[in-house]
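Here the structure comes first, spelled out in structure tokens, and everything after it is commentary.
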Amino acid sequence: MTLLRRIGERLRRPQGVPWRSAGLRTESLSADESVRSTGWVFDNKTGNVSLESFTTGGDNEVRRYLKLFGFSDDGTQELSMVEIGSGIGRMTAGFSTRFGVVHAADVDAAFLERCRETVFHHGQPTALRTVHVADGRTLDIETGSVDFAFSYITLQHCSSSDALSLVHEALRVTKSGGNIALNFRTWTMLDTALVPLGGLVRVLWRVPKAAKYMARVRSLTRLGWQANRLSPDDVLASIGTDLIGTRLRDVTVVHSPRRSVRVSAQGVHRRAVRRVHPSHWWLVARLA
Ligand SMILES: C[S@@+](CC[C@H](N)C(=O)[O-])C[C@H]1O[C@@H](n2cnc3c(N)ncnc32)[C@H](O)[C@@H]1O
């Protein structure tokens, strides 16, 4: 990428800069080395992680979430899916052993290279297709072609407008009768400090020397990610509440029992599930 294009990209999409820094660090590393040096980008665990322990954790989450979203253990082999924000394949490996086709979509091309390596070692490489989300908002996948659109800890890291665009894309690429499960982060008391601080960190990230340092500091990188908070009302209004019960069936907001969520639209179910993080919520639905 030329210097001018890089600068243009940084100005247009500041929330992508911390990801690009992490991506750059993985460019010259194997997937295992990437996990050892940047595993904290994807995982809440720090310390002694390897590619194997990383994907084992991801696989456990894949099993739990598929069960939560109503898939049976042996019912997905013929199905296709897209994982929006696959990163270096923590969960993609697990999805690839369960689904016939998995489109791993990510804004960072270096992460996708590592993702291919992760799936090669710990998943089913013949099931994997990678999709570079070069503009951060559209998926190069055919309309109505996948059975399941999934996204975890990703839509909070884009600008609101990119996140909502990816929601529309998830609906576009999912077949009639297919399912979506999209994870978001909503406001907490802490966010009143975290979100402005995240903006400040992203400004500092534009200074190359500061960026080099910050990309190695976990707390600063994680602050830099804090790009948006979307509530169920924000997302449902963007999709169009007239679609609830018509194009979208069984629309459910899955949330933590420790948080009450406000949903103004009619016809939306709520489901409290203990394992959901208190600041997260999921939009789960089936396409008519
Ligand atoms: C915290 S990681 C989560 C990765 C994976 N879902 C997991 O749970 O291990 C967030 C991922 O979202 C990707 N990402 C951020 N903004 C994106 C965008 N606009 N489009 C696609 N991917 C994006 C980042 O590059 C990163 O790989």
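Starting from 1 in every chain, residues are counted up; chains themselves are A, B, ... following the order of the structure tokens, and ligands are numbered from 1 as listed.
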- Query: Which residues come within 8 Å of Val263 in chain A, counting only C-alpha atoms, excluding same-chain residues fewer than 5 positions away, as an MDAnalysis selection string?
  - Reply: chainID A and resid 232:233 268
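The shell of residues at most 10 Å from Glu169 in chain A, with only C-alpha atoms counted and near chain neighbours (fewer than 4 positions) removed, consists of Ile84, Arg137, Thr138, Leu139, Asp140, Ile141, Thr143, Ala149, Ala163, Leu164, Ser165, Val173 and Thr174 of chain A.
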- Which neighbours of Glu52 in chain A fall inside 9 Å, counting only C-alpha atoms, when residues of the same chain fewer than 2 positions from it are skipped, and could you give them as JSON, numbers by chain? {"A": [32, 49, 50, 54, 55, 56, 57, 118, 121, 122]}
Take the residues that were just selected and, keeping C-alpha atoms, output them as a PDB file, in the first residue's frame.
```
ATOM      1  CA  ASP A  32       1.471 -20.081  16.464  1.00  0.00           C
ATOM      2  CA  VAL A  49      -1.126 -19.383  25.007  1.00  0.00           C
ATOM      3  CA  SER A  50      -0.329 -21.499  21.955  1.00  0.00           C
ATOM      4  CA  PHE A  54      -6.238 -20.812  21.496  1.00  0.00           C
ATOM      5  CA  THR A  55      -8.255 -22.926  19.044  1.00  0.00           C
ATOM      6  CA  THR A  56      -9.338 -25.353  21.786  1.00  0.00           C
ATOM      7  CA  GLY A  57     -10.868 -22.368  23.624  1.00  0.00           C
ATOM      8  CA  THR A 118      -4.809 -22.000  11.835  1.00  0.00           C
ATOM      9  CA  HIS A 121      -3.437 -27.146  11.538  1.00  0.00           C
ATOM     10  CA  HIS A 122      -6.565 -27.323  13.693  1.00  0.00           C
TER      11      HIS A 122
END
```
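Secondary structure from DSSP on the backbone puts strand (DSSP E) at the following positions of range 49-86 of chain A: A:Ser80, A:Met81, A:Val82, A:Glu83, A:Ile84.
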For the selection just defined, write its residues with C-alpha atoms to a file, as a compact mmCIF listing (two decimals), in the first residue's frame.
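Result file is result.txt:
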```
# COMPACT_ATOMS: atom_id res chain seq x y z
CA SER A 80 -22.54 -23.00 4.74
CA MET A 81 -21.79 -20.00 6.93
CA VAL A 82 -19.97 -16.68 7.13
CA GLU A 83 -18.00 -15.58 10.18
CA ILE A 84 -17.72 -11.78 10.09
```
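Minimum distance to ligand 1 across A:Ser279, A:Ser161, A:Thr126, A:Ser151 (counting only C-alpha atoms and all ligand atoms) occurs at A:Ser151.
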- Find the residues near range 97-113 of chain A: any atom within 9 Å, counting only C-alpha atoms, skip ones fewer than 3 places away on the same chain, and give them as a PyMOL selection string. chain A and resi 16+19-20+22-27+31+73-89+92-94+116-118+122-137+139-141+146
- Judged by only C-alpha atoms, the minimum distance to Ser231 in chain A among A:Leu283, A:Leu204, A:Cys115, A:Ala210 is found for A:Leu283
- Item | Within 12 Å of Ala193 in chain A using only C-alpha atoms, minus same-chain residues under 6 positions, as a PyMOL selection string | chain A and resi 187+199-200+223+226
What would the file look like if the residues just selected were written as a PDB file, in the first residue's frame with N, CA and C atoms?
```pdb
ATOM      1  N   TRP A 187     -23.958   0.015  25.981  1.00  0.00           N
ATOM      2  CA  TRP A 187     -23.354   0.920  26.961  1.00  0.00           C
ATOM      3  C   TRP A 187     -23.338   0.341  28.372  1.00  0.00           C
ATOM      4  N   GLY A 199     -11.229   7.030  21.656  1.00  0.00           N
ATOM      5  CA  GLY A 199     -11.076   8.021  20.579  1.00  0.00           C
ATOM      6  C   GLY A 199      -9.724   8.721  20.701  1.00  0.00           C
ATOM      7  N   LEU A 200      -9.354   9.040  21.960  1.00  0.00           N
ATOM      8  CA  LEU A 200      -8.081   9.734  22.186  1.00  0.00           C
ATOM      9  C   LEU A 200      -6.896   8.836  21.781  1.00  0.00           C
ATOM     10  N   LEU A 223      -8.091  -0.316  24.449  1.00  0.00           N
ATOM     11  CA  LEU A 223      -8.813   0.964  24.495  1.00  0.00           C
ATOM     12  C   LEU A 223      -9.075   1.476  23.073  1.00  0.00           C
ATOM     13  N   GLN A 226     -12.220   0.536  21.155  1.00  0.00           N
ATOM     14  CA  GLN A 226     -13.585   0.858  21.618  1.00  0.00           C
ATOM     15  C   GLN A 226     -14.227   1.853  20.664  1.00  0.00           C
TER      16      GLN A 226
END
```
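Of note, CA of Thr188 in chain A and CA of Ile153 in chain A are spaced 15.8 Å apart.
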- Task: Would you please extract all alpha helix (DSSP H) residues from range 149-280 of chain A, as assigned by DSSP on the backbone, and give them as number ranges by chain?
- Result: A: 160-173, 191-204, 208-214, 218-224, 232-239
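Between Ala237 in chain A and the residues A:Val276, A:Arg90, A:Leu190, A:Ala265, the shortest atom-to-atom distance, using only C-alpha atoms, involves A:Ala265.
If only C-alpha atoms and all ligand atoms are the atoms counted, then among A:Tyr152, A:Phe184, A:Trp225, A:Trp205 the closest residue to ligand 1 is A:Tyr152.
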- Item | Proximity to ligand 1 - best of A:Asp162, A:Asp147, A:Glu33, A:Glu61, only C-alpha atoms and all ligand atoms | A:Asp162
- Message: Set the distance at 12 Å and use only C-alpha atoms: which residues neighbour Arg64 in chain A once local chain neighbours fewer than 3 positions away are removed? I'd like the list as a PyMOL selection string.
- Response: chain A and resi 57-61+67-73+91+94-95+273+275-276
Write a file of the selected residues as a tab-separated table (two decimals), in the first residue's frame, keeping C-alpha atoms.
```tsv
chain	number	residue	atom	x	y	z
A	57	GLY	CA	-10.87	-22.37	23.62
A	58	GLY	CA	-12.46	-21.18	20.36
A	59	ASP	CA	-13.83	-24.66	19.64
A	60	ASN	CA	-15.50	-24.82	23.07
A	61	GLU	CA	-17.17	-21.49	22.37
A	67	LYS	CA	-26.16	-25.16	20.85
A	68	LEU	CA	-27.46	-21.82	22.16
A	69	PHE	CA	-28.58	-20.82	18.65
A	70	GLY	CA	-30.45	-24.10	18.14
A	71	PHE	CA	-28.10	-26.11	15.91
A	72	SER	CA	-27.85	-29.83	16.63
A	73	ASP	CA	-24.43	-31.50	16.95
A	91	MET	CA	-13.31	-20.00	16.25
A	94	GLY	CA	-14.02	-25.15	15.02
A	95	PHE	CA	-16.62	-23.92	12.52
A	273	VAL	CA	-28.49	-16.44	29.15
A	275	ARG	CA	-22.84	-17.06	29.74
A	276	VAL	CA	-23.48	-13.84	27.81
```
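Counting from CA of Thr186 in chain A, the distance to CA of Ser159 in chain A is 13.7 Å.
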- Which one is closest to ligand 1: A:Arg202, A:His255, A:Arg222, A:Arg286? Count only C-alpha atoms and all ligand atoms. A:Arg222
